[in-house]
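Enquirer: Contents of target01.pdb (PDB, C-alpha atoms and all ligand atoms) are given next:
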ATOM      1  CA  MET A   6       7.191  22.263  -9.120  1.00  0.00           C
ATOM      2  CA  SER A   7       9.188  24.161  -6.454  1.00  0.00           C
ATOM      3  CA  ARG A   8       6.510  22.946  -4.064  1.00  0.00           C
ATOM      4  CA  ILE A   9       7.824  19.407  -4.634  1.00  0.00           C
ATOM      5  CA  ARG A  10      11.315  20.438  -3.526  1.00  0.00           C
ATOM      6  CA  GLU A  11       9.914  22.050  -0.370  1.00  0.00           C
ATOM      7  CA  ASN A  12       7.723  19.065   0.383  1.00  0.00           C
ATOM      8  CA  LEU A  13      10.671  16.679   0.004  1.00  0.00           C
ATOM      9  CA  ALA A  14      12.789  18.767   2.364  1.00  0.00           C
ATOM     10  CA  ASP A  15       9.950  18.703   4.886  1.00  0.00           C
ATOM     11  CA  ILE A  16       9.499  14.912   4.578  1.00  0.00           C
ATOM     12  CA  ARG A  17      13.245  14.295   4.941  1.00  0.00           C
ATOM     13  CA  ALA A  18      13.324  16.413   8.094  1.00  0.00           C
ATOM     14  CA  ARG A  19      10.319  14.585   9.553  1.00  0.00           C
ATOM     15  CA  VAL A  20      11.831  11.182   8.711  1.00  0.00           C
ATOM     16  CA  ALA A  21      15.142  12.189  10.333  1.00  0.00           C
ATOM     17  CA  ASN A  22      13.313  13.453  13.397  1.00  0.00           C
ATOM     18  CA  SER A  23      11.277  10.249  13.691  1.00  0.00           C
ATOM     19  CA  LEU A  24      14.485   8.206  13.532  1.00  0.00           C
ATOM     20  CA  VAL A  25      16.040  10.281  16.307  1.00  0.00           C
ATOM     21  CA  ASN A  26      12.918   9.862  18.434  1.00  0.00           C
ATOM     22  CA  ALA A  27      13.093   6.106  17.905  1.00  0.00           C
ATOM     23  CA  SER A  28      16.863   6.019  18.665  1.00  0.00           C
ATOM     24  CA  ARG A  29      17.492   4.562  15.239  1.00  0.00           C
ATOM     25  CA  ALA A  30      20.403   5.273  12.860  1.00  0.00           C
ATOM     26  CA  GLY A  31      19.969   8.118  10.403  1.00  0.00           C
ATOM     27  CA  ASP A  32      20.168   6.031   7.234  1.00  0.00           C
ATOM     28  CA  GLU A  33      17.683   3.302   8.107  1.00  0.00           C
ATOM     29  CA  VAL A  34      14.684   4.539   6.129  1.00  0.00           C
ATOM     30  CA  VAL A  35      14.298   4.805   2.365  1.00  0.00           C
ATOM     31  CA  ILE A  36      11.795   7.414   1.215  1.00  0.00           C
ATOM     32  CA  LEU A  37       9.806   6.119  -1.735  1.00  0.00           C
ATOM     33  CA  ALA A  38       8.102   8.847  -3.778  1.00  0.00           C
ATOM     34  CA  VAL A  39       4.782   7.379  -4.930  1.00  0.00           C
ATOM     35  CA  SER A  40       4.268   8.976  -8.337  1.00  0.00           C
ATOM     36  CA  LYS A  41       1.079   7.256  -9.512  1.00  0.00           C
ATOM     37  CA  GLN A  42      -1.216   9.691 -11.311  1.00  0.00           C
ATOM     38  CA  GLN A  43       1.549  12.280 -11.328  1.00  0.00           C
ATOM     39  CA  SER A  44       3.232  13.532 -14.504  1.00  0.00           C
ATOM     40  CA  ALA A  45       6.707  12.603 -15.710  1.00  0.00           C
ATOM     41  CA  ASP A  46       7.602  16.277 -15.197  1.00  0.00           C
ATOM     42  CA  ALA A  47       6.677  15.975 -11.520  1.00  0.00           C
ATOM     43  CA  VAL A  48       8.903  12.891 -11.208  1.00  0.00           C
ATOM     44  CA  GLU A  49      11.750  14.754 -12.858  1.00  0.00           C
ATOM     45  CA  ALA A  50      11.284  17.723 -10.501  1.00  0.00           C
ATOM     46  CA  ALA A  51      11.569  15.380  -7.518  1.00  0.00           C
ATOM     47  CA  TRP A  52      14.633  13.754  -9.076  1.00  0.00           C
ATOM     48  CA  ARG A  53      16.248  17.199  -9.466  1.00  0.00           C
ATOM     49  CA  ALA A  54      15.600  17.714  -5.766  1.00  0.00           C
ATOM     50  CA  GLY A  55      17.634  14.575  -5.031  1.00  0.00           C
ATOM     51  CA  GLN A  56      14.901  11.932  -4.850  1.00  0.00           C
ATOM     52  CA  ARG A  57      16.012   8.577  -6.328  1.00  0.00           C
ATOM     53  CA  HIS A  58      13.413   5.939  -5.328  1.00  0.00           C
ATOM     54  CA  PHE A  59      10.017   6.144  -7.050  1.00  0.00           C
ATOM     55  CA  ALA A  60       6.989   3.857  -6.901  1.00  0.00           C
ATOM     56  CA  GLU A  61       4.186   3.227  -9.360  1.00  0.00           C
ATOM     57  CA  ASN A  62       0.890   1.311  -9.083  1.00  0.00           C
ATOM     58  CA  TYR A  63      -0.428   1.069 -12.637  1.00  0.00           C
ATOM     59  CA  LEU A  64       1.716  -0.729 -15.175  1.00  0.00           C
ATOM     60  CA  GLN A  65       0.763   1.060 -18.417  1.00  0.00           C
ATOM     61  CA  GLU A  66       1.079   4.475 -16.815  1.00  0.00           C
ATOM     62  CA  ALA A  67       4.383   3.448 -15.240  1.00  0.00           C
ATOM     63  CA  LEU A  68       5.921   2.132 -18.466  1.00  0.00           C
ATOM     64  CA  ALA A  69       5.168   5.396 -20.281  1.00  0.00           C
ATOM     65  CA  LYS A  70       6.978   7.296 -17.515  1.00  0.00           C
ATOM     66  CA  LEU A  71       9.907   4.851 -17.446  1.00  0.00           C
ATOM     67  CA  ASP A  72      10.326   5.301 -21.200  1.00  0.00           C
ATOM     68  CA  ARG A  73      10.341   9.073 -20.899  1.00  0.00           C
ATOM     69  CA  LEU A  74      12.677   9.179 -17.915  1.00  0.00           C
ATOM     70  CA  GLY A  75      14.961   6.318 -18.959  1.00  0.00           C
ATOM     71  CA  LYS A  76      18.097   8.446 -18.763  1.00  0.00           C
ATOM     72  CA  LEU A  77      17.676   9.317 -15.073  1.00  0.00           C
ATOM     73  CA  ASP A  78      19.259   7.113 -12.395  1.00  0.00           C
ATOM     74  CA  ILE A  79      16.039   6.072 -10.696  1.00  0.00           C
ATOM     75  CA  ALA A  80      15.259   2.946  -8.674  1.00  0.00           C
ATOM     76  CA  TRP A  81      11.706   2.004  -9.710  1.00  0.00           C
ATOM     77  CA  HIS A  82       9.448   0.133  -7.296  1.00  0.00           C
ATOM     78  CA  PHE A  83       6.188  -1.547  -8.294  1.00  0.00           C
ATOM     79  CA  ILE A  84       3.537  -1.253  -5.561  1.00  0.00           C
ATOM     80  CA  GLY A  85       0.312  -2.063  -7.428  1.00  0.00           C
ATOM     81  CA  ARG A  86      -1.833  -5.129  -7.842  1.00  0.00           C
ATOM     82  CA  ILE A  87      -0.080  -7.680 -10.094  1.00  0.00           C
ATOM     83  CA  GLN A  88      -1.971  -9.518 -12.817  1.00  0.00           C
ATOM     84  CA  SER A  89      -0.216 -12.744 -13.743  1.00  0.00           C
ATOM     85  CA  ASN A  90      -0.113 -11.857 -17.463  1.00  0.00           C
ATOM     86  CA  LYS A  91       1.832  -8.663 -16.623  1.00  0.00           C
ATOM     87  CA  THR A  92       4.772 -10.178 -14.776  1.00  0.00           C
ATOM     88  CA  ARG A  93       7.226  -9.941 -17.679  1.00  0.00           C
ATOM     89  CA  PRO A  94       7.391  -6.129 -18.008  1.00  0.00           C
ATOM     90  CA  ILE A  95       7.434  -5.804 -14.226  1.00  0.00           C
ATOM     91  CA  ALA A  96      10.368  -8.229 -13.932  1.00  0.00           C
ATOM     92  CA  GLU A  97      12.197  -6.516 -16.790  1.00  0.00           C
ATOM     93  CA  ARG A  98      11.709  -2.865 -15.900  1.00  0.00           C
ATOM     94  CA  PHE A  99      11.526  -2.590 -12.108  1.00  0.00           C
ATOM     95  CA  GLY A 100      14.155  -3.168  -9.432  1.00  0.00           C
ATOM     96  CA  TRP A 101      11.698  -3.737  -6.600  1.00  0.00           C
ATOM     97  CA  VAL A 102       8.223  -5.278  -6.277  1.00  0.00           C
ATOM     98  CA  HIS A 103       6.363  -4.722  -2.982  1.00  0.00           C
ATOM     99  CA  THR A 104       3.144  -6.528  -3.776  1.00  0.00           C
ATOM    100  CA  VAL A 105       3.942 -10.214  -4.242  1.00  0.00           C
ATOM    101  CA  ASP A 106       1.056 -12.109  -2.672  1.00  0.00           C
ATOM    102  CA  ARG A 107       0.939 -15.560  -4.234  1.00  0.00           C
ATOM    103  CA  ALA A 108       3.203 -18.350  -5.424  1.00  0.00           C
ATOM    104  CA  ARG A 109       2.161 -18.056  -9.055  1.00  0.00           C
ATOM    105  CA  ILE A 110       3.261 -14.409  -9.208  1.00  0.00           C
ATOM    106  CA  ALA A 111       6.576 -15.154  -7.492  1.00  0.00           C
ATOM    107  CA  LEU A 112       7.337 -18.013  -9.891  1.00  0.00           C
ATOM    108  CA  ARG A 113       6.503 -15.948 -12.956  1.00  0.00           C
ATOM    109  CA  LEU A 114       8.598 -12.975 -11.792  1.00  0.00           C
ATOM    110  CA  ASN A 115      11.497 -15.374 -11.243  1.00  0.00           C
ATOM    111  CA  GLU A 116      11.025 -16.854 -14.705  1.00  0.00           C
ATOM    112  CA  HIS A 117      10.875 -13.433 -16.381  1.00  0.00           C
ATOM    113  CA  ARG A 118      13.698 -11.683 -14.540  1.00  0.00           C
ATOM    114  CA  PRO A 119      16.464 -11.212 -17.153  1.00  0.00           C
ATOM    115  CA  VAL A 120      19.761 -12.901 -16.274  1.00  0.00           C
ATOM    116  CA  SER A 121      21.548  -9.691 -17.290  1.00  0.00           C
ATOM    117  CA  LEU A 122      20.043  -7.956 -14.254  1.00  0.00           C
ATOM    118  CA  PRO A 123      20.614  -8.611 -10.534  1.00  0.00           C
ATOM    119  CA  PRO A 124      17.904 -10.655  -8.788  1.00  0.00           C
ATOM    120  CA  LEU A 125      14.601  -8.803  -8.427  1.00  0.00           C
ATOM    121  CA  ASN A 126      14.010  -7.453  -4.924  1.00  0.00           C
ATOM    122  CA  VAL A 127      10.591  -8.616  -3.781  1.00  0.00           C
ATOM    123  CA  LEU A 128       8.487  -7.999  -0.713  1.00  0.00           C
ATOM    124  CA  ILE A 129       5.510 -10.046   0.418  1.00  0.00           C
ATOM    125  CA  GLN A 130       2.347  -7.986   0.792  1.00  0.00           C
ATOM    126  CA  VAL A 131       0.549  -8.971   3.995  1.00  0.00           C
ATOM    127  CA  ASN A 132      -3.201  -8.404   4.375  1.00  0.00           C
ATOM    128  CA  GLN A 133      -3.243  -8.046   8.142  1.00  0.00           C
ATOM    129  CA  ALA A 134      -6.876  -7.098   8.686  1.00  0.00           C
ATOM    130  CA  GLY A 135      -8.328  -9.651   6.265  1.00  0.00           C
ATOM    131  CA  GLU A 136      -9.789  -6.905   4.074  1.00  0.00           C
ATOM    132  CA  THR A 137     -11.396  -8.563   1.066  1.00  0.00           C
ATOM    133  CA  GLN A 138     -10.919  -5.501  -1.191  1.00  0.00           C
ATOM    134  CA  LYS A 139      -7.150  -5.591  -0.663  1.00  0.00           C
ATOM    135  CA  ALA A 140      -4.503  -7.941  -1.990  1.00  0.00           C
ATOM    136  CA  GLY A 141      -2.000  -9.643   0.295  1.00  0.00           C
ATOM    137  CA  VAL A 142      -1.479 -12.956   2.079  1.00  0.00           C
ATOM    138  CA  ALA A 143      -2.802 -13.694   5.545  1.00  0.00           C
ATOM    139  CA  PRO A 144      -0.137 -13.437   8.272  1.00  0.00           C
ATOM    140  CA  SER A 145      -0.334 -17.217   8.758  1.00  0.00           C
ATOM    141  CA  ASP A 146       0.602 -17.806   5.092  1.00  0.00           C
ATOM    142  CA  VAL A 147       3.645 -15.516   4.992  1.00  0.00           C
ATOM    143  CA  GLU A 148       6.204 -18.163   5.930  1.00  0.00           C
ATOM    144  CA  ALA A 149       5.203 -20.611   3.191  1.00  0.00           C
ATOM    145  CA  LEU A 150       5.413 -17.926   0.515  1.00  0.00           C
ATOM    146  CA  ALA A 151       8.723 -16.678   1.950  1.00  0.00           C
ATOM    147  CA  ARG A 152      10.170 -20.217   1.727  1.00  0.00           C
ATOM    148  CA  LEU A 153       9.131 -20.472  -1.906  1.00  0.00           C
ATOM    149  CA  ILE A 154      10.643 -17.067  -2.764  1.00  0.00           C
ATOM    150  CA  VAL A 155      14.040 -17.734  -1.178  1.00  0.00           C
ATOM    151  CA  GLN A 156      14.357 -20.819  -3.389  1.00  0.00           C
ATOM    152  CA  GLN A 157      14.065 -18.745  -6.586  1.00  0.00           C
ATOM    153  CA  PRO A 158      17.477 -17.789  -8.019  1.00  0.00           C
ATOM    154  CA  ARG A 159      16.221 -14.670  -9.820  1.00  0.00           C
ATOM    155  CA  LEU A 160      14.446 -13.249  -6.749  1.00  0.00           C
ATOM    156  CA  ARG A 161      15.762 -11.773  -3.504  1.00  0.00           C
ATOM    157  CA  LEU A 162      13.332 -11.742  -0.588  1.00  0.00           C
ATOM    158  CA  ALA A 163      13.778  -8.161   0.609  1.00  0.00           C
ATOM    159  CA  GLY A 164      11.040  -8.056   3.240  1.00  0.00           C
ATOM    160  CA  LEU A 165       7.374  -7.507   4.065  1.00  0.00           C
ATOM    161  CA  MET A 166       4.887  -4.816   3.093  1.00  0.00           C
ATOM    162  CA  THR A 167       1.512  -3.744   4.477  1.00  0.00           C
ATOM    163  CA  ILE A 168      -1.275  -1.273   3.742  1.00  0.00           C
ATOM    164  CA  PRO A 169      -3.267  -1.246   6.983  1.00  0.00           C
ATOM    165  CA  PRO A 170      -6.917  -0.145   7.136  1.00  0.00           C
ATOM    166  CA  VAL A 171      -7.533   3.599   6.913  1.00  0.00           C
ATOM    167  CA  ALA A 172      -7.249   4.771  10.501  1.00  0.00           C
ATOM    168  CA  GLU A 173      -8.302   7.871  12.401  1.00  0.00           C
ATOM    169  CA  PRO A 174      -6.110   9.021  14.047  1.00  0.00           C
ATOM    170  CA  PRO A 175      -3.246   7.565  11.959  1.00  0.00           C
ATOM    171  CA  ARG A 176      -1.421   6.567  15.167  1.00  0.00           C
ATOM    172  CA  SER A 177      -3.917   3.781  15.674  1.00  0.00           C
ATOM    173  CA  ASN A 178      -2.123   1.783  12.965  1.00  0.00           C
ATOM    174  CA  ALA A 179       0.749   1.188  15.364  1.00  0.00           C
ATOM    175  CA  ALA A 180      -0.577  -2.272  16.261  1.00  0.00           C
ATOM    176  CA  TYR A 181      -0.453  -3.352  12.614  1.00  0.00           C
ATOM    177  CA  PHE A 182       3.039  -1.955  12.179  1.00  0.00           C
ATOM    178  CA  HIS A 183       4.257  -3.761  15.295  1.00  0.00           C
ATOM    179  CA  GLU A 184       2.681  -6.978  14.054  1.00  0.00           C
ATOM    180  CA  LEU A 185       4.485  -6.744  10.693  1.00  0.00           C
ATOM    181  CA  SER A 186       7.777  -6.221  12.514  1.00  0.00           C
ATOM    182  CA  GLU A 187       7.083  -9.301  14.654  1.00  0.00           C
ATOM    183  CA  LEU A 188       6.266 -11.345  11.550  1.00  0.00           C
ATOM    184  CA  ARG A 189       9.642 -10.369  10.090  1.00  0.00           C
ATOM    185  CA  ASP A 190      11.392 -11.323  13.343  1.00  0.00           C
ATOM    186  CA  ARG A 191       9.586 -14.687  13.355  1.00  0.00           C
ATOM    187  CA  LEU A 192      10.894 -15.383   9.833  1.00  0.00           C
ATOM    188  CA  HIS A 193      14.401 -14.607  11.101  1.00  0.00           C
ATOM    189  CA  ALA A 194      13.973 -17.007  14.004  1.00  0.00           C
ATOM    190  CA  ARG A 195      12.914 -19.718  11.539  1.00  0.00           C
ATOM    191  CA  GLY A 196      15.985 -19.228   9.372  1.00  0.00           C
ATOM    192  CA  ILE A 197      14.648 -16.835   6.719  1.00  0.00           C
ATOM    193  CA  ALA A 198      16.760 -13.697   6.728  1.00  0.00           C
ATOM    194  CA  THR A 199      14.849 -10.719   5.382  1.00  0.00           C
ATOM    195  CA  ASP A 200      14.978  -7.144   6.568  1.00  0.00           C
ATOM    196  CA  ALA A 201      12.798  -4.556   4.890  1.00  0.00           C
ATOM    197  CA  LEU A 202       9.507  -3.381   6.362  1.00  0.00           C
ATOM    198  CA  SER A 203       7.640  -1.338   3.748  1.00  0.00           C
ATOM    199  CA  MET A 204       5.059   0.467   5.846  1.00  0.00           C
ATOM    200  CA  GLY A 205       3.835   4.010   6.352  1.00  0.00           C
ATOM    201  CA  MET A 206       2.283   6.488   3.899  1.00  0.00           C
ATOM    202  CA  SER A 207       1.697  10.275   3.944  1.00  0.00           C
ATOM    203  CA  ALA A 208      -0.677  10.149   6.904  1.00  0.00           C
ATOM    204  CA  ASP A 209       1.134   7.698   9.171  1.00  0.00           C
ATOM    205  CA  PHE A 210       4.815   7.385   8.199  1.00  0.00           C
ATOM    206  CA  GLU A 211       6.055   8.813  11.502  1.00  0.00           C
ATOM    207  CA  THR A 212       4.155   6.145  13.432  1.00  0.00           C
ATOM    208  CA  ALA A 213       5.514   3.498  11.048  1.00  0.00           C
ATOM    209  CA  ILE A 214       9.104   4.650  11.630  1.00  0.00           C
ATOM    210  CA  ALA A 215       8.560   4.475  15.387  1.00  0.00           C
ATOM    211  CA  CYS A 216       7.505   0.840  14.809  1.00  0.00           C
ATOM    212  CA  GLY A 217      10.572  -0.076  12.718  1.00  0.00           C
ATOM    213  CA  SER A 218       9.654   0.840   9.135  1.00  0.00           C
ATOM    214  CA  THR A 219      12.617   0.784   6.735  1.00  0.00           C
ATOM    215  CA  CYS A 220      10.719   2.097   3.711  1.00  0.00           C
ATOM    216  CA  VAL A 221       7.975   4.725   3.721  1.00  0.00           C
ATOM    217  CA  ARG A 222       5.776   5.146   0.637  1.00  0.00           C
ATOM    218  CA  ILE A 223       4.789   8.788   0.289  1.00  0.00           C
ATOM    219  CA  GLY A 224       2.620  10.222  -2.471  1.00  0.00           C
ATOM    220  CA  THR A 225       0.416  13.212  -1.703  1.00  0.00           C
ATOM    221  CA  ALA A 226       2.734  14.718   0.922  1.00  0.00           C
ATOM    222  CA  ILE A 227       5.401  15.046  -1.796  1.00  0.00           C
ATOM    223  CA  PHE A 228       3.428  15.686  -4.978  1.00  0.00           C
ATOM    224  CA  GLY A 229       0.120  17.075  -3.739  1.00  0.00           C
ATOM    225  CA  ALA A 230      -3.262  15.687  -4.779  1.00  0.00           C
ATOM    226  CA  ARG A 231      -3.317  13.091  -7.541  1.00  0.00           C
ATOM    227  CA  THR A 232      -4.608  14.242 -10.924  1.00  0.00           C
ATOM    228  CA  SER A 233      -5.694  10.818 -12.269  1.00  0.00           C
ATOM    229  CA  ALA A 234      -4.064  11.703 -15.610  1.00  0.00           C
ATOM    230  CA  GLY A 235      -0.491  10.622 -14.942  1.00  0.00           C
ATOM    231  CA  GLY A 236       1.713   9.818 -17.916  1.00  0.00           C
TER
HETATM  232  C1  LIG A 301      -0.951   5.461  -3.310  1.00  0.00           C
HETATM  233  C2  LIG A 301      -0.159   4.606  -2.414  1.00  0.00           C
HETATM  234  C3  LIG A 301       0.706   5.157  -1.447  1.00  0.00           C
HETATM  235  C4  LIG A 301       0.857   6.644  -1.201  1.00  0.00           C
HETATM  236  O1  LIG A 301      -0.265   7.155  -0.530  1.00  0.00           O
HETATM  237  P1  LIG A 301      -0.273   8.670   0.021  1.00  0.00           P
HETATM  238  O2  LIG A 301      -1.358   8.647   1.031  1.00  0.00           O
HETATM  239  O3  LIG A 301      -0.553   9.535  -1.146  1.00  0.00           O
HETATM  240  O4  LIG A 301       1.053   8.939   0.609  1.00  0.00           O
HETATM  241  C5  LIG A 301       1.459   4.278  -0.691  1.00  0.00           C
HETATM  242  N1  LIG A 301       1.384   2.944  -0.844  1.00  0.00           N
HETATM  243  C6  LIG A 301       0.570   2.384  -1.755  1.00  0.00           C
HETATM  244  C7  LIG A 301       0.528   0.906  -1.885  1.00  0.00           C
HETATM  245  C8  LIG A 301      -0.240   3.199  -2.550  1.00  0.00           C
HETATM  246  O5  LIG A 301      -1.061   2.609  -3.431  1.00  0.00           O
END
Mind turning this structure into structure tokens?
Expert:
Amino acid sequence: MSRIRENLADIRARVANSLVNASRAGDEVVILAVSKQQSADAVEAAWRAGQRHFAENYLQEALAKLDRLGKLDIAWHFIGRIQSNKTRPIAERFGWVHTVDRARIALRLNEHRPVSLPPLNVLIQVNQAGETQKAGVAPSDVEALARLIVQQPRLRLAGLMTIPPVAEPPRSNAAYFHELSELRDRLHARGIATDALSMGMSADFETAIACGSTCVRIGTAIFGARTSAGG
């Protein structure tokens, strides 16, 4: 578990360095620790090392961890595929959802977000390369979904998210990252204020930060290889 502390220190230093290289302010990037298929003990070890934002992909696995770690001050992000019959626990238990990709999901999250909680922070997942195996809306459909989301009182449109195609070398994803940033700027120009760009993972987060990322989602570089067990 001390490896997790070292890895986090290394990631923080690399994020800070990338921000300096991009002439950006030091607090502009949130590091999300992607804890899917990692144990609750691993999450707690990262928390003890100062990590506060965690992301999960699989709802059942996530809920077991949330139950066990309920006493820790953690901001939980959902970054997995959303089935429409699972929107209630997501809206009730998470603070952030990065993978909203259709109107039906947005409407159900709005309906299920408890009034006792602040509005749910949501990001629109964009499928930039038209990959059929991935979720996400086409770039041309982002604005319509954004307009629907900003009308929902229990949702806050936080920004856009992408998982670009696996690239070798990772730098070659820069074009996708730039495109997501331009999509966000186009929303601004059309009167939809939204800021976050959730882009960059273990292999390419430095490139993503150079392209304006405000939220990097990092799993293996913090926790090591995934076990598949989780829980
Ligand atoms: C698993 C996952 C990550 C983390 O990937 P690593 O390569 O382990 O950093 C980031 N984003 C999403 C959406 C994921 O599913």
Enquirer: How would you write, as a VMD selection string, the set of residues no farther than 9 Å from ligand LIG 301 (chain A) when counting all atoms listed in the file?
Expert: chain A and resid 37 to 41 60 to 62 83 to 86 103 to 104 166 to 168 203 to 210 221 to 231
Enquirer: Using C-alpha atoms, can you export the residues from the last selection as an mmCIF file, keeping the file's coordinate frame?
Expert:
data_model
loop_
_atom_site.group_PDB
_atom_site.id
_atom_site.type_symbol
_atom_site.label_atom_id
_atom_site.label_comp_id
_atom_site.auth_asym_id
_atom_site.auth_seq_id
_atom_site.Cartn_x
_atom_site.Cartn_y
_atom_site.Cartn_z
ATOM 1 C CA LEU A 37 9.806 6.119 -1.735
ATOM 2 C CA ALA A 38 8.102 8.847 -3.778
ATOM 3 C CA VAL A 39 4.782 7.379 -4.930
ATOM 4 C CA SER A 40 4.268 8.976 -8.337
ATOM 5 C CA LYS A 41 1.079 7.256 -9.512
ATOM 6 C CA ALA A 60 6.989 3.857 -6.901
ATOM 7 C CA GLU A 61 4.186 3.227 -9.360
ATOM 8 C CA ASN A 62 0.890 1.311 -9.083
ATOM 9 C CA PHE A 83 6.188 -1.547 -8.294
ATOM 10 C CA ILE A 84 3.537 -1.253 -5.561
ATOM 11 C CA GLY A 85 0.312 -2.063 -7.428
ATOM 12 C CA ARG A 86 -1.833 -5.129 -7.842
ATOM 13 C CA HIS A 103 6.363 -4.722 -2.982
ATOM 14 C CA THR A 104 3.144 -6.528 -3.776
ATOM 15 C CA MET A 166 4.887 -4.816 3.093
ATOM 16 C CA THR A 167 1.512 -3.744 4.477
ATOM 17 C CA ILE A 168 -1.275 -1.273 3.742
ATOM 18 C CA SER A 203 7.640 -1.338 3.748
ATOM 19 C CA MET A 204 5.059 0.467 5.846
ATOM 20 C CA GLY A 205 3.835 4.010 6.352
ATOM 21 C CA MET A 206 2.283 6.488 3.899
ATOM 22 C CA SER A 207 1.697 10.275 3.944
ATOM 23 C CA ALA A 208 -0.677 10.149 6.904
ATOM 24 C CA ASP A 209 1.134 7.698 9.171
ATOM 25 C CA PHE A 210 4.815 7.385 8.199
ATOM 26 C CA VAL A 221 7.975 4.725 3.721
ATOM 27 C CA ARG A 222 5.776 5.146 0.637
ATOM 28 C CA ILE A 223 4.789 8.788 0.289
ATOM 29 C CA GLY A 224 2.620 10.222 -2.471
ATOM 30 C CA THR A 225 0.416 13.212 -1.703
ATOM 31 C CA ALA A 226 2.734 14.718 0.922
ATOM 32 C CA ILE A 227 5.401 15.046 -1.796
ATOM 33 C CA PHE A 228 3.428 15.686 -4.978
ATOM 34 C CA GLY A 229 0.120 17.075 -3.739
ATOM 35 C CA ALA A 230 -3.262 15.687 -4.779
ATOM 36 C CA ARG A 231 -3.317 13.091 -7.541
#
Enquirer: Using all atoms listed in the file, which residue out of A:His117, A:Lys91, A:Arg159, A:His82 lies closest to Phe59 (chain A)?
Expert: A:His82
Enquirer: Would you mind listing what lies within 8 Å of region 193-202 of chain A as a list in words, with all atoms listed in the file counted and same-chain residues fewer than 3 positions away left out?
Expert: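 After dropping sequence-adjacent residues, the list is Leu128, Ala151, Arg152, Val155, Leu162, Ala163, Gly164, Leu165, Met166, Leu185, Ser186, Arg189, Asp190, Gly217, Ser218, Thr219 and Cys220 of chain A.
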Enquirer: Using all atoms listed in the file, determine which residues lie at most 9 Å from Glu116 (chain A), disregarding the query and same-chain residues fewer than 6 positions distant; provide the list as a VMD selection string.
Expert: chain A and resid 93 96 157 159
Enquirer: Suppose a student applies the PyMOL selection byres (((chain A and resi 92) around 12) and not hetatm) to this structure; what residues should they get, written as a PyMOL selection string?
Expert: chain A and resi 64+83+85-91+93-99+102+104-105+109-119+125
Enquirer: Kindly give the distance, in Å, that separates CA of Ala215 (chain A) and CA of Ala27 (chain A), rounded to a single decimal.
Expert: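 Between CA of Ala215 (chain A) and CA of Ala27 (chain A) the gap is 5.4 Å.
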Enquirer: Hey, which of A:Ala18, A:Ala213, A:Leu74, A:Ala149 ends up closest to Gly31 (chain A)? Count only C-alpha atoms.
Expert: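 Using only C-alpha atoms, Gly31 (chain A) sits closest to A:Ala18.
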Enquirer: Residues near Val147 (chain A), anyone? I mean within 9 Å using all atoms listed in the file, not counting same-chain ones fewer than 3 positions away, as a ChimeraX atom specification.
Expert: /A:106,129-131,142-144,150-152,165,188,192
Enquirer: Select, from A:Leu160, A:Ala172, A:Ala50, A:Ile16, the residue with the minimum atom-to-atom distance to Leu122 (chain A), counting all atoms listed in the file.
Expert: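 Using all atoms listed in the file, Leu122 (chain A) sits closest to A:Leu160.
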Enquirer: Exactly which residues make up the result of the PyMOL selection byres (((chain A and resi 26) around 12) and not hetatm) on this file, given as a list in words?
Expert: Arg19, Val20, Ala21, Asn22, Ser23, Leu24, Val25, Ala27, Ser28, Arg29, Ala30, Gly31, Glu211, Thr212, Ile214, Ala215, Cys216 and Gly217 of chain A
